[in-house]
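Coordinates as given in entry_28.cif (mmCIF, C-alpha atoms):
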data_work
#
loop_
_atom_site.label_atom_id
_atom_site.label_comp_id
_atom_site.auth_asym_id
_atom_site.auth_seq_id
_atom_site.Cartn_x
_atom_site.Cartn_y
_atom_site.Cartn_z
CA MET G 125 -11.14 -25.06 2.65
CA LEU G 126 -12.22 -21.40 2.71
CA ALA G 127 -8.78 -20.22 1.59
CA SER G 128 -8.83 -22.76 -1.25
CA THR G 129 -12.28 -21.56 -2.36
CA ARG G 130 -11.12 -17.93 -2.29
CA GLN G 131 -8.05 -18.78 -4.33
CA TYR G 132 -10.20 -20.68 -6.87
CA THR G 133 -12.64 -17.75 -7.10
CA PHE G 134 -9.79 -15.27 -7.54
CA SER G 135 -8.27 -17.42 -10.29
CA ILE G 136 -11.58 -17.43 -12.17
CA LEU G 137 -11.99 -13.66 -11.77
CA PHE G 138 -8.37 -13.14 -12.86
CA LEU G 139 -8.91 -15.21 -16.01
CA MET G 140 -12.18 -13.41 -16.79
CA ALA G 141 -10.56 -9.98 -16.33
CA SER G 142 -7.59 -11.04 -18.46
CA ALA G 143 -9.93 -12.30 -21.19
CA LEU G 144 -11.86 -9.02 -21.14
CA ILE G 145 -8.65 -6.98 -21.34
CA ILE G 146 -7.44 -9.09 -24.27
CA SER G 147 -10.83 -8.70 -25.98
CA VAL G 148 -10.76 -4.93 -25.51
CA ALA G 149 -7.17 -4.80 -26.79
CA VAL G 150 -8.06 -6.86 -29.86
CA TYR G 151 -11.11 -4.68 -30.51
CA SER G 152 -9.01 -1.51 -30.16
CA MET G 153 -6.44 -2.96 -32.58
CA ASN G 154 -9.19 -3.76 -35.09
CA VAL G 155 -10.51 -0.22 -34.82
CA ALA G 156 -7.02 1.18 -35.37
CA HIS G 157 -6.65 -1.13 -38.38
CA ARG G 158 -9.91 0.07 -39.90
CA ILE G 159 -8.92 3.71 -39.41
CA ALA G 160 -5.37 3.36 -40.74
CA ASP G 161 -5.83 0.71 -43.42
CA VAL G 162 -9.40 1.24 -44.64
CA HIS G 163 -10.90 4.62 -43.91
CA ALA G 164 -7.81 6.83 -44.16
CA PRO G 165 -6.81 5.52 -47.64
CA LEU G 166 -10.40 5.98 -48.83
CA VAL G 167 -10.35 9.58 -47.58
CA ASP G 168 -7.12 10.05 -49.49
CA ALA G 169 -8.75 8.54 -52.60
CA SER G 170 -11.75 10.88 -52.40
CA MET G 171 -9.39 13.86 -52.11
CA GLU G 172 -7.39 12.58 -55.10
CA ILE G 173 -10.61 12.38 -57.13
CA GLN G 174 -11.38 16.01 -56.28
CA LEU G 175 -7.81 17.04 -57.09
CA GLU G 176 -7.67 15.22 -60.46
CA LEU G 177 -11.07 16.57 -61.53
CA THR G 178 -10.04 20.08 -60.55
CA LYS G 179 -6.85 19.77 -62.61
CA ALA G 180 -8.83 18.37 -65.53
CA HIS G 181 -11.34 21.23 -65.32
CA LEU G 182 -8.67 23.93 -65.19
CA LEU G 183 -6.74 22.48 -68.12
CA PHE G 184 -9.93 22.08 -70.13
CA GLU G 185 -10.96 25.70 -69.54
CA GLU G 186 -7.52 26.87 -70.68
CA LEU G 187 -7.82 24.60 -73.71
CA MET G 188 -11.23 26.12 -74.53
CA VAL G 189 -9.82 29.66 -74.53
CA GLY G 190 -7.11 28.65 -76.98
CA ASP G 191 -4.00 27.73 -74.98
CA ASN G 192 -1.82 25.94 -77.54
CA HIS G 193 0.33 24.31 -74.86
CA ILE G 194 -2.54 22.11 -73.71
CA ASP G 195 -4.20 19.23 -75.55
CA MET G 196 -7.17 17.05 -74.74
CA GLN G 197 -4.94 14.08 -73.87
CA GLN G 198 -3.63 15.95 -70.85
CA VAL G 199 -7.17 16.64 -69.67
CA LEU G 200 -8.25 13.04 -70.20
CA GLN G 201 -5.20 11.81 -68.29
CA HIS G 202 -6.52 13.50 -65.15
CA ILE G 203 -10.01 12.14 -65.84
CA LYS G 204 -8.45 8.69 -66.13
CA GLU G 205 -6.66 9.17 -62.79
CA ALA G 206 -9.94 10.16 -61.15
CA GLN G 207 -11.60 7.07 -62.60
CA TRP G 208 -8.77 4.91 -61.25
CA PHE G 209 -9.42 6.16 -57.72
CA ILE G 210 -13.15 5.53 -58.22
CA HIS G 211 -12.30 1.93 -59.12
CA ALA G 212 -9.94 1.65 -56.12
CA MET G 213 -12.64 2.85 -53.71
CA ALA G 214 -15.26 0.52 -55.15
CA TRP G 215 -13.22 -2.63 -55.78
CA GLY G 216 -9.88 -2.16 -54.05
CA ALA G 217 -6.41 -1.61 -55.51
CA LYS G 218 -2.79 -0.78 -54.74
CA LYS G 219 -0.74 2.20 -55.84
CA ASP G 220 2.50 3.87 -54.66
CA GLY G 221 2.60 1.72 -51.52
CA MET G 222 -1.00 2.56 -50.62
CA THR G 223 -3.62 -0.17 -50.38
CA TYR G 224 -7.25 0.76 -50.90
CA VAL G 225 -9.86 -1.52 -49.31
CA PRO G 226 -13.55 -0.98 -50.17
CA LEU G 227 -16.08 -0.48 -47.39
CA ASP G 228 -18.49 -3.24 -46.57
CA ASP G 229 -21.28 -0.75 -47.20
CA GLY G 230 -23.51 -1.34 -50.25
CA ALA G 231 -25.09 2.11 -50.22
CA PHE G 232 -21.70 3.86 -50.06
CA ASN G 233 -20.24 1.72 -52.82
CA HIS G 234 -23.29 2.47 -54.98
CA ARG G 235 -22.60 6.20 -54.50
CA ILE G 236 -19.02 5.64 -55.66
CA LEU G 237 -20.17 3.89 -58.81
CA ARG G 238 -22.67 6.67 -59.53
CA LEU G 239 -19.83 9.16 -59.13
CA GLY G 240 -17.83 7.17 -61.68
CA GLU G 241 -20.74 7.37 -64.14
CA ALA G 242 -20.97 11.11 -63.52
CA ILE G 243 -17.26 11.48 -64.36
CA LYS G 244 -17.83 9.62 -67.64
CA ILE G 245 -20.62 12.05 -68.43
CA LEU G 246 -18.26 14.93 -67.58
CA ALA G 247 -15.72 13.55 -70.08
CA SER G 248 -18.41 13.30 -72.77
CA LEU G 249 -19.48 16.91 -72.08
CA MET G 250 -15.86 17.95 -72.55
CA ASP G 251 -15.76 16.23 -75.95
CA LYS G 252 -19.06 17.86 -76.91
CA ARG G 253 -17.87 21.35 -75.91
CA LEU G 254 -14.59 20.87 -77.68
CA SER G 255 -16.42 19.80 -80.85
CA HIS G 256 -18.63 22.91 -80.70
CA GLN G 257 -16.01 25.21 -79.30
CA GLN G 258 -17.44 28.38 -80.81
CA THR G 259 -20.84 27.88 -79.17
CA SER G 260 -19.42 26.53 -75.89
CA LEU G 261 -17.18 29.36 -74.77
CA PRO G 262 -17.21 30.53 -71.15
CA GLY G 263 -20.56 32.08 -70.30
CA SER G 264 -22.48 30.00 -72.83
CA ARG G 265 -25.33 27.66 -71.96
CA ALA G 266 -23.12 24.64 -72.65
CA ASP G 267 -20.50 26.09 -70.33
CA GLU G 268 -23.04 26.59 -67.57
CA GLN G 269 -24.34 23.03 -68.02
CA PHE G 270 -20.78 21.71 -67.96
CA ASN G 271 -19.82 23.68 -64.86
CA GLY G 272 -23.01 22.63 -63.08
CA HIS G 273 -22.24 18.98 -63.72
CA TYR G 274 -18.63 19.49 -62.62
CA GLU G 275 -19.71 21.20 -59.34
CA ALA G 276 -22.19 18.39 -58.67
CA ILE G 277 -19.40 15.80 -59.04
CA LEU G 278 -17.12 17.75 -56.64
CA PHE G 279 -20.00 18.07 -54.20
CA ASP G 280 -20.62 14.30 -54.27
CA ALA G 281 -16.90 13.62 -53.83
CA GLU G 282 -16.82 16.02 -50.88
CA ARG G 283 -19.85 14.31 -49.32
CA MET G 284 -18.10 10.95 -49.62
CA LYS G 285 -15.03 12.38 -47.99
CA GLN G 286 -17.09 13.88 -45.15
CA HIS G 287 -18.88 10.55 -44.70
CA LEU G 288 -15.53 8.79 -44.38
CA MET G 289 -14.25 11.45 -41.99
CA GLN G 290 -17.36 10.94 -39.86
CA LEU G 291 -16.70 7.21 -39.80
CA ILE G 292 -13.13 7.85 -38.66
CA SER G 293 -14.37 10.21 -35.94
CA GLU G 294 -16.88 7.62 -34.72
CA GLU G 295 -14.24 4.89 -34.80
CA ARG G 296 -11.86 7.04 -32.79
CA GLU G 297 -14.52 7.73 -30.17
CA THR G 298 -15.25 4.04 -29.97
CA GLN G 299 -11.55 3.32 -29.70
CA LYS G 300 -11.20 5.93 -26.96
CA VAL G 301 -14.02 4.34 -24.96
CA SER G 302 -12.57 0.86 -25.43
CA ASN G 303 -9.14 2.12 -24.35
CA TYR G 304 -10.62 3.63 -21.19
CA VAL G 305 -12.48 0.39 -20.49
CA GLY G 306 -9.29 -1.59 -21.06
CA LEU G 307 -7.34 0.75 -18.79
CA ALA G 308 -10.00 0.48 -16.08
CA LEU G 309 -9.98 -3.30 -16.34
CA LEU G 310 -6.18 -3.33 -16.22
CA ILE G 311 -6.18 -1.14 -13.10
CA ILE G 312 -8.79 -3.37 -11.49
CA LEU G 313 -6.74 -6.42 -12.42
CA LEU G 314 -3.55 -4.90 -11.01
CA ILE G 315 -5.36 -3.94 -7.81
CA GLY G 316 -6.74 -7.46 -7.62
CA VAL G 317 -3.31 -8.99 -8.12
CA LEU G 318 -1.83 -6.62 -5.53
CA TYR G 319 -4.63 -7.43 -3.07
CA TYR G 320 -4.18 -11.15 -3.70
CA ASN G 321 -0.42 -10.89 -3.17
CA ILE G 322 -0.96 -8.94 0.05
CA MET G 323 -3.49 -11.50 1.27
CA GLN G 324 -1.24 -14.34 0.18
CA ARG G 325 1.72 -12.73 1.94
CA GLY G 326 -0.43 -12.28 5.03
CA ARG G 327 -1.34 -15.96 4.95
CA GLU G 328 2.31 -16.87 4.45
CA LEU G 329 3.37 -14.72 7.41
CA LEU G 330 0.60 -16.25 9.52
CA LEU G 331 1.72 -19.72 8.47
CA ILE G 332 5.33 -18.85 9.26
CA LYS G 333 4.23 -17.52 12.64
CA GLN G 334 2.25 -20.68 13.28
CA LEU G 335 5.19 -22.84 12.27
CA LYS G 336 7.48 -20.85 14.56
CA GLU G 337 5.00 -21.23 17.39
CA MET G 338 4.79 -24.95 16.69
CA ALA G 339 8.58 -25.09 16.87
CA THR G 340 8.78 -23.13 20.13
CA HIS G 341 5.45 -23.88 21.85
CA ASP G 342 3.86 -26.96 23.31
CA GLU G 343 0.82 -27.91 21.25
CA LEU G 344 -1.26 -29.06 24.22
CA THR G 345 -0.65 -26.38 26.84
CA LEU G 346 0.39 -23.56 24.46
CA LEU G 347 3.30 -22.81 26.80
CA HIS G 348 6.85 -22.63 25.50
CA ASN G 349 8.40 -26.05 24.93
CA ARG G 350 11.71 -27.61 25.97
CA ARG G 351 13.49 -26.27 22.89
CA SER G 352 12.35 -22.73 23.61
CA PHE G 353 13.36 -23.13 27.27
CA ASN G 354 16.92 -24.08 26.30
CA LYS G 355 17.27 -20.97 24.15
CA VAL G 356 15.80 -18.60 26.75
CA PHE G 357 17.82 -20.18 29.56
CA ASN G 358 21.10 -19.74 27.63
CA ASN G 359 20.32 -16.06 27.06
CA ALA G 360 19.26 -15.53 30.68
CA TRP G 361 22.40 -17.25 31.94
CA TYR G 362 24.78 -15.11 29.87
CA ASN G 363 22.86 -11.93 30.66
CA ALA G 364 23.13 -12.69 34.38
CA LEU G 365 26.80 -13.61 33.96
CA ARG G 366 27.57 -10.24 32.35
CA ALA G 367 25.45 -8.25 34.82
CA LYS G 368 26.49 -10.37 37.85
CA THR G 369 22.84 -10.69 38.91
CA PRO G 370 21.07 -13.71 40.43
CA LEU G 371 19.14 -16.20 38.31
CA THR G 372 16.53 -18.63 39.60
CA ILE G 373 15.25 -21.86 38.10
CA ALA G 374 12.11 -23.53 39.49
CA ILE G 375 10.95 -26.96 38.34
CA CYS G 376 7.32 -27.88 39.09
CA ASP G 377 5.77 -31.32 38.99
CA ILE G 378 2.05 -32.20 39.26
CA ASP G 379 1.70 -34.56 42.21
CA PHE G 380 0.54 -38.12 41.45
CA PHE G 381 -0.21 -37.26 37.83
CA LYS G 382 0.14 -40.89 36.72
CA LYS G 383 -2.62 -41.85 39.14
CA TYR G 384 -4.68 -38.97 37.76
CA ASN G 385 -4.39 -40.40 34.24
CA ASP G 386 -5.02 -43.96 35.41
CA THR G 387 -8.15 -42.89 37.28
CA LEU G 388 -9.73 -40.29 34.97
CA GLY G 389 -8.14 -41.14 31.62
CA HIS G 390 -5.65 -39.40 29.39
CA GLN G 391 -8.17 -36.95 27.97
CA ALA G 392 -8.90 -35.67 31.46
CA GLY G 393 -5.15 -35.63 32.07
CA ASP G 394 -4.67 -33.37 29.05
CA MET G 395 -7.35 -31.00 30.35
CA CYS G 396 -5.60 -30.99 33.75
CA LEU G 397 -2.30 -30.02 32.13
CA GLN G 398 -4.03 -27.20 30.22
CA GLN G 399 -5.66 -25.85 33.41
CA VAL G 400 -2.38 -25.96 35.36
CA ALA G 401 -0.60 -24.26 32.41
CA GLN G 402 -3.13 -21.41 32.52
CA VAL G 403 -2.43 -20.90 36.23
CA LEU G 404 1.32 -20.92 35.64
CA GLN G 405 1.10 -18.48 32.73
CA GLY G 406 -1.29 -16.23 34.63
CA ILE G 407 1.04 -15.77 37.59
CA LEU G 408 3.79 -14.19 35.49
CA LYS G 409 3.90 -10.41 35.80
CA ARG G 410 7.36 -9.39 34.60
CA GLU G 411 8.27 -9.52 30.92
CA THR G 412 11.55 -11.21 31.78
CA ASP G 413 9.90 -14.10 33.69
CA PHE G 414 9.39 -17.27 31.68
CA VAL G 415 7.57 -20.58 32.01
CA ALA G 416 7.68 -23.65 29.77
CA ARG G 417 6.48 -27.23 29.70
CA TYR G 418 9.59 -29.17 30.61
CA GLY G 419 8.26 -32.62 29.81
CA GLY G 420 5.25 -34.76 30.75
CA GLU G 421 3.71 -33.21 33.85
CA GLU G 422 6.77 -31.05 34.60
CA PHE G 423 7.01 -27.29 34.11
CA VAL G 424 9.96 -24.97 34.56
CA PHE G 425 10.29 -21.28 35.45
CA ILE G 426 13.15 -18.93 34.61
CA LEU G 427 13.19 -15.94 36.95
CA PRO G 428 16.00 -13.47 36.16
CA VAL G 429 17.26 -11.06 38.84
CA THR G 430 15.46 -13.09 41.52
CA TYR G 431 17.02 -14.14 44.84
CA ALA G 432 16.13 -17.33 46.69
CA GLU G 433 13.67 -15.69 49.10
CA GLY G 434 11.91 -13.87 46.29
CA ALA G 435 11.63 -17.14 44.39
CA ARG G 436 10.20 -18.91 47.47
CA TRP G 437 7.61 -16.15 47.91
CA PHE G 438 6.72 -16.46 44.21
CA MET G 439 6.25 -20.25 44.51
CA ASP G 440 4.15 -19.91 47.68
CA LYS G 441 1.92 -17.63 45.65
CA LEU G 442 1.81 -20.27 42.92
CA HIS G 443 0.73 -22.97 45.42
CA LYS G 444 -2.09 -20.67 46.49
CA HIS G 445 -3.27 -20.03 42.92
CA VAL G 446 -3.23 -23.75 42.08
CA ALA G 447 -5.26 -24.49 45.23
CA GLU G 448 -7.77 -21.77 44.33
CA ALA G 449 -8.18 -23.34 40.88
CA LYS G 450 -9.67 -26.43 42.63
CA ILE G 451 -8.79 -28.92 39.92
CA LYS G 452 -10.16 -32.16 41.35
CA HIS G 453 -7.71 -35.05 41.85
CA PRO G 454 -9.52 -38.11 43.23
CA ALA G 455 -6.34 -40.23 43.26
CA SER G 456 -4.03 -37.82 45.11
CA ASP G 457 -2.55 -38.88 48.45
CA VAL G 458 -2.12 -35.30 49.70
CA SER G 459 -5.27 -33.41 48.62
CA GLN G 460 -8.58 -33.78 46.85
CA TYR G 461 -7.31 -31.17 44.37
CA VAL G 462 -4.30 -30.97 42.10
CA THR G 463 -1.10 -29.85 43.86
CA LEU G 464 2.47 -29.13 42.83
CA SER G 465 5.89 -30.14 44.10
CA ILE G 466 8.50 -27.48 43.32
CA GLY G 467 12.27 -27.41 43.41
CA ILE G 468 14.08 -24.04 43.37
CA ALA G 469 17.74 -23.31 42.64
CA THR G 470 19.27 -19.82 42.66
CA CYS G 471 22.78 -18.65 41.84
CA THR G 472 24.77 -15.74 40.48
CA PRO G 473 26.30 -17.26 37.32
CA ASN G 474 30.07 -17.63 37.09
CA SER G 475 32.38 -19.77 35.05
CA LYS G 476 30.61 -22.95 36.19
CA GLU G 477 28.46 -24.87 33.73
CA LYS G 478 24.90 -23.60 33.60
CA CYS G 479 23.50 -27.14 33.70
CA ILE G 480 24.50 -27.29 37.38
CA LEU G 481 21.68 -24.84 38.20
CA ILE G 482 19.11 -27.07 36.50
CA GLU G 483 20.47 -30.15 38.25
CA ALA G 484 20.21 -28.35 41.59
CA ALA G 485 16.58 -27.41 40.93
CA ASP G 486 15.85 -30.99 39.88
CA LYS G 487 17.38 -32.35 43.11
CA ALA G 488 15.33 -29.86 45.13
CA LEU G 489 12.20 -31.12 43.35
CA TYR G 490 13.11 -34.69 44.24
CA GLN G 491 13.45 -33.63 47.88
CA ALA G 492 10.02 -31.92 47.77
CA LYS G 493 8.48 -35.18 46.60
CA ALA G 494 10.38 -37.17 49.22
CA GLN G 495 9.18 -34.83 51.97
CA GLY G 496 5.52 -35.46 51.19
CA ARG G 497 4.82 -33.38 48.01
CA ASN G 498 2.67 -30.24 47.74
CA ARG G 499 5.57 -28.09 48.81
CA THR G 500 8.55 -26.05 47.65
CA VAL G 501 12.13 -26.96 48.47
CA LEU G 502 15.02 -24.54 47.96
CA ALA G 503 18.28 -26.09 46.84
CA SER G 504 21.14 -25.62 49.25
CA SER G 505 23.83 -23.17 48.12
#
Please rewrite the model in this file as C-alpha cells.
Amino acid sequence: MLASTRQYTFSILFLMASALIISVAVYSMNVAHRIADVHAPLVDASMEIQLELTKAHLLFEELMVGDNHIDMQQVLQHIKEAQWFIHAMAWGAKKDGMTYVPLDDGAFNHRILRLGEAIKILASLMDKRLSHQQTSLPGSRADEQFNGHYEAILFDAERMKQHLMQLISEERETQKVSNYVGLALLIILLIGVLYYNIMQRGRELLLIKQLKEMATHDELTLLHNRRSFNKVFNNAWYNALRAKTPLTIAICDIDFFKKYNDTLGHQAGDMCLQQVAQVLQGILKRETDFVARYGGEEFVFILPVTYAEGARWFMDKLHKHVAEAKIKHPASDVSQYVTLSIGIATCTPNSKEKCILIEAADKALYQAKAQGRNRTVLASS
C-alpha cells in the first residue's frame, strides 16, 4: 500500500514537473519569437528610416547648392521609403522576405505615427526651400529651421530604436531566466527519474530476493526447504567425492508430534516447529554446515568433513539444546518437553549412489524411534 502511494505521488510530481518544463519551454519559444519576428524587424525598420532620411537630406543639400545630377524626385524617393517603413512599423507589412509586425503598444505606435507626420512636414520644408532657393541657402534661417526639424526626426527615430533595443534586452534577460528555470526543473526531473529507477530497482531486487527465498526456504520455519537441501547435498557430495573427505547426514524427527498437534492444535504445532527450527539453526557454527526442513516434523543436517564420532558429539549437543529450550509437550511418552529422535549416516563418497547415504540416515532414525525415541542412532557402516 505504501509503495503504491509513493508511486502514485511520484507520478503526480513527474507530471507536474513535466508540465512546468513544457510551459517554460513554450514561454522561452514565445520570447524567442518576439525577439526574432517582432522586435528585431522593427529595429531594422527604425534604422532604415534613419538611413533613408539621411540619404534624402544629403541629396537635398547637394541639390540646393546646384548639383545638376540630382533632382527632387530622387530626394522624394528616399522620403517615400522612410514613410513606407513608418507604415510597416505602425500597421505591419512585408518586404524583401522581411515581415514587420507592429507592437501591441498604443503609446509606441502613436510615436511612430507622429514621426510619420514629422517626415511629411520635412518634405514640405524641402519644397518650400527649393521654391525659395536663393533665400534658403546653407546658413540661412530657413536652412537652420530645416536642419533643426531634420535632427529632431532623427532623434525620435533613434529613441524608437533604443526603446526597441531595450525591449529586446529585457526579453533576452527574461528568456535567460526562463531557460535557467527550465534547466533546473529538467535536472530535478532527471534526478527524480533516476532516484525512482534506483528505488524501483531496489524493490525489484528485494522482490527477486524474496522470491528466491520463497523458492529455497520454508515459509513457516524460515529454514532451507527440501528443494534447497537437494541442491546443497549434491554439491556437498561431489565436493567430498573430489576431496575424498567424509560427509555426514543427520535426519531429526520431533517425537510424538502428531499427538502434540492433536492435543494443542495445529497453531501450537506451528509454533513448536518454529522454536525447534531456531534451536537447530542456532547450533550451526561452521559456514559449511547446513540444516533444512525435510518435511512435516523432520529436519535434516548436512555436515561436510565430519566423521561419525564428531557427528554423534554434535547431535548430543543438539539434544541438550532442545532440552534446555523446554518446549512443553503434554502428550509425549518420553518427556514433558519436546525431544528429538536422530539418525546419523556417515561415509566417504565413492562411485555409489548418494541416495544410499540418505537411506542409511533414515533407517538409523527409524531405529532411534524403535529404541524408545529421544536418542541418536548411528547407521552401521
**Q.** Pairwise distance for atom CA of Ala469 of chain G and atom CA of Ala374 of chain G, rounded to one decimal in Å
**A.** 6.5 Å
(Q) Which polymer residues, whether protein, DNA or RNA, lie within 12 Å of the coordinate (-14.8, 21.6, -75.7) when you count only C-alpha atoms? List them as an NGL selection string, using the chain letters and numbers from the file. (A) :G and (181 or 183-190 or 195-196 or 199 or 246-262 or 264 or 266-267 or 270)
Would you mind exporting C-alpha atoms of the selected residues as a PDB file, in the frame of the given file?
ATOM      1  CA  HIS G 181     -11.340  21.230 -65.320  1.00  0.00           C
ATOM      2  CA  LEU G 183      -6.740  22.480 -68.120  1.00  0.00           C
ATOM      3  CA  PHE G 184      -9.930  22.080 -70.130  1.00  0.00           C
ATOM      4  CA  GLU G 185     -10.960  25.700 -69.540  1.00  0.00           C
ATOM      5  CA  GLU G 186      -7.520  26.870 -70.680  1.00  0.00           C
ATOM      6  CA  LEU G 187      -7.820  24.600 -73.710  1.00  0.00           C
ATOM      7  CA  MET G 188     -11.230  26.120 -74.530  1.00  0.00           C
ATOM      8  CA  VAL G 189      -9.820  29.660 -74.530  1.00  0.00           C
ATOM      9  CA  GLY G 190      -7.110  28.650 -76.980  1.00  0.00           C
ATOM     10  CA  ASP G 195      -4.200  19.230 -75.550  1.00  0.00           C
ATOM     11  CA  MET G 196      -7.170  17.050 -74.740  1.00  0.00           C
ATOM     12  CA  VAL G 199      -7.170  16.640 -69.670  1.00  0.00           C
ATOM     13  CA  LEU G 246     -18.260  14.930 -67.580  1.00  0.00           C
ATOM     14  CA  ALA G 247     -15.720  13.550 -70.080  1.00  0.00           C
ATOM     15  CA  SER G 248     -18.410  13.300 -72.770  1.00  0.00           C
ATOM     16  CA  LEU G 249     -19.480  16.910 -72.080  1.00  0.00           C
ATOM     17  CA  MET G 250     -15.860  17.950 -72.550  1.00  0.00           C
ATOM     18  CA  ASP G 251     -15.760  16.230 -75.950  1.00  0.00           C
ATOM     19  CA  LYS G 252     -19.060  17.860 -76.910  1.00  0.00           C
ATOM     20  CA  ARG G 253     -17.870  21.350 -75.910  1.00  0.00           C
ATOM     21  CA  LEU G 254     -14.590  20.870 -77.680  1.00  0.00           C
ATOM     22  CA  SER G 255     -16.420  19.800 -80.850  1.00  0.00           C
ATOM     23  CA  HIS G 256     -18.630  22.910 -80.700  1.00  0.00           C
ATOM     24  CA  GLN G 257     -16.010  25.210 -79.300  1.00  0.00           C
ATOM     25  CA  GLN G 258     -17.440  28.380 -80.810  1.00  0.00           C
ATOM     26  CA  THR G 259     -20.840  27.880 -79.170  1.00  0.00           C
ATOM     27  CA  SER G 260     -19.420  26.530 -75.890  1.00  0.00           C
ATOM     28  CA  LEU G 261     -17.180  29.360 -74.770  1.00  0.00           C
ATOM     29  CA  PRO G 262     -17.210  30.530 -71.150  1.00  0.00           C
ATOM     30  CA  SER G 264     -22.480  30.000 -72.830  1.00  0.00           C
ATOM     31  CA  ALA G 266     -23.120  24.640 -72.650  1.00  0.00           C
ATOM     32  CA  ASP G 267     -20.500  26.090 -70.330  1.00  0.00           C
ATOM     33  CA  PHE G 270     -20.780  21.710 -67.960  1.00  0.00           C
TER      34      PHE G 270
END
Q. What does the PyMOL selection byres ((chain G and resi 298-300) around 12) select in this file, as a count of residues only?
A. 26
Q: Give as a PyMOL selection string every residue, naming chains and numbers as the document does, that has an atom within 12 Å of (9.9, -14.3, 37.4), counting all atoms listed in the file.
A: chain G and resi 360+370-374+404-415+424-432+434-439+441-442
Q. Quick one, how far is atom CA of Met323 of chain G from atom CA of Ser135 of chain G?
A.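 Separation of atom CA of Met323 of chain G and atom CA of Ser135 of chain G: 13.8 Å.
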Q: Fewer than 3 positions away in the same chain doesn't count, so skip those; otherwise give me all residues within 7 Å of Thr387 of chain G, counting only C-alpha atoms, as a ChimeraX atom specification.
A: /G:383-384,455
Q.
Taking all atoms listed in the file into account, name the residue in G:Glu483, G:Glu172, G:Asp377, G:Asp440 that is nearest to Lys285 of chain G.
A. G:Glu172
Taking the file as shown, what set of residues would the PyMOL selection byres ((chain G and resi 210-215) around 8) give back, as a short mmCIF file (atom, residue, chain, number, x, y, z; two decimals) with C-alpha atoms, in the coordinates of the input?
data_model
loop_
_atom_site.label_atom_id
_atom_site.label_comp_id
_atom_site.auth_asym_id
_atom_site.auth_seq_id
_atom_site.Cartn_x
_atom_site.Cartn_y
_atom_site.Cartn_z
CA LEU G 166 -10.40 5.98 -48.83
CA ALA G 169 -8.75 8.54 -52.60
CA ILE G 173 -10.61 12.38 -57.13
CA ALA G 206 -9.94 10.16 -61.15
CA GLN G 207 -11.60 7.07 -62.60
CA TRP G 208 -8.77 4.91 -61.25
CA PHE G 209 -9.42 6.16 -57.72
CA GLY G 216 -9.88 -2.16 -54.05
CA ALA G 217 -6.41 -1.61 -55.51
CA LYS G 218 -2.79 -0.78 -54.74
CA TYR G 224 -7.25 0.76 -50.90
CA VAL G 225 -9.86 -1.52 -49.31
CA PRO G 226 -13.55 -0.98 -50.17
CA LEU G 227 -16.08 -0.48 -47.39
CA ASN G 233 -20.24 1.72 -52.82
CA ILE G 236 -19.02 5.64 -55.66
CA LEU G 237 -20.17 3.89 -58.81
CA LEU G 239 -19.83 9.16 -59.13
CA GLY G 240 -17.83 7.17 -61.68
#
Q) Which residues match the PyMOL selection byres ((chain G and resi 340) around 9) in the file above, as a VMD selection string? A) chain G and resid 335 to 339 341 to 342 347 to 353
Q: Measure the distance from atom CA of His273 of chain G to atom CA of His287 of chain G in Å and round it to one decimal.
A: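 Separation between atom CA of His273 of chain G and atom CA of His287 of chain G: 21.1 Å.
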Q) Looking at all atoms listed in the file, which of G:Asn363, G:Asp228, G:Gly419, G:Lys452 is the one that sits closest to Ala392 of chain G? A) G:Lys452
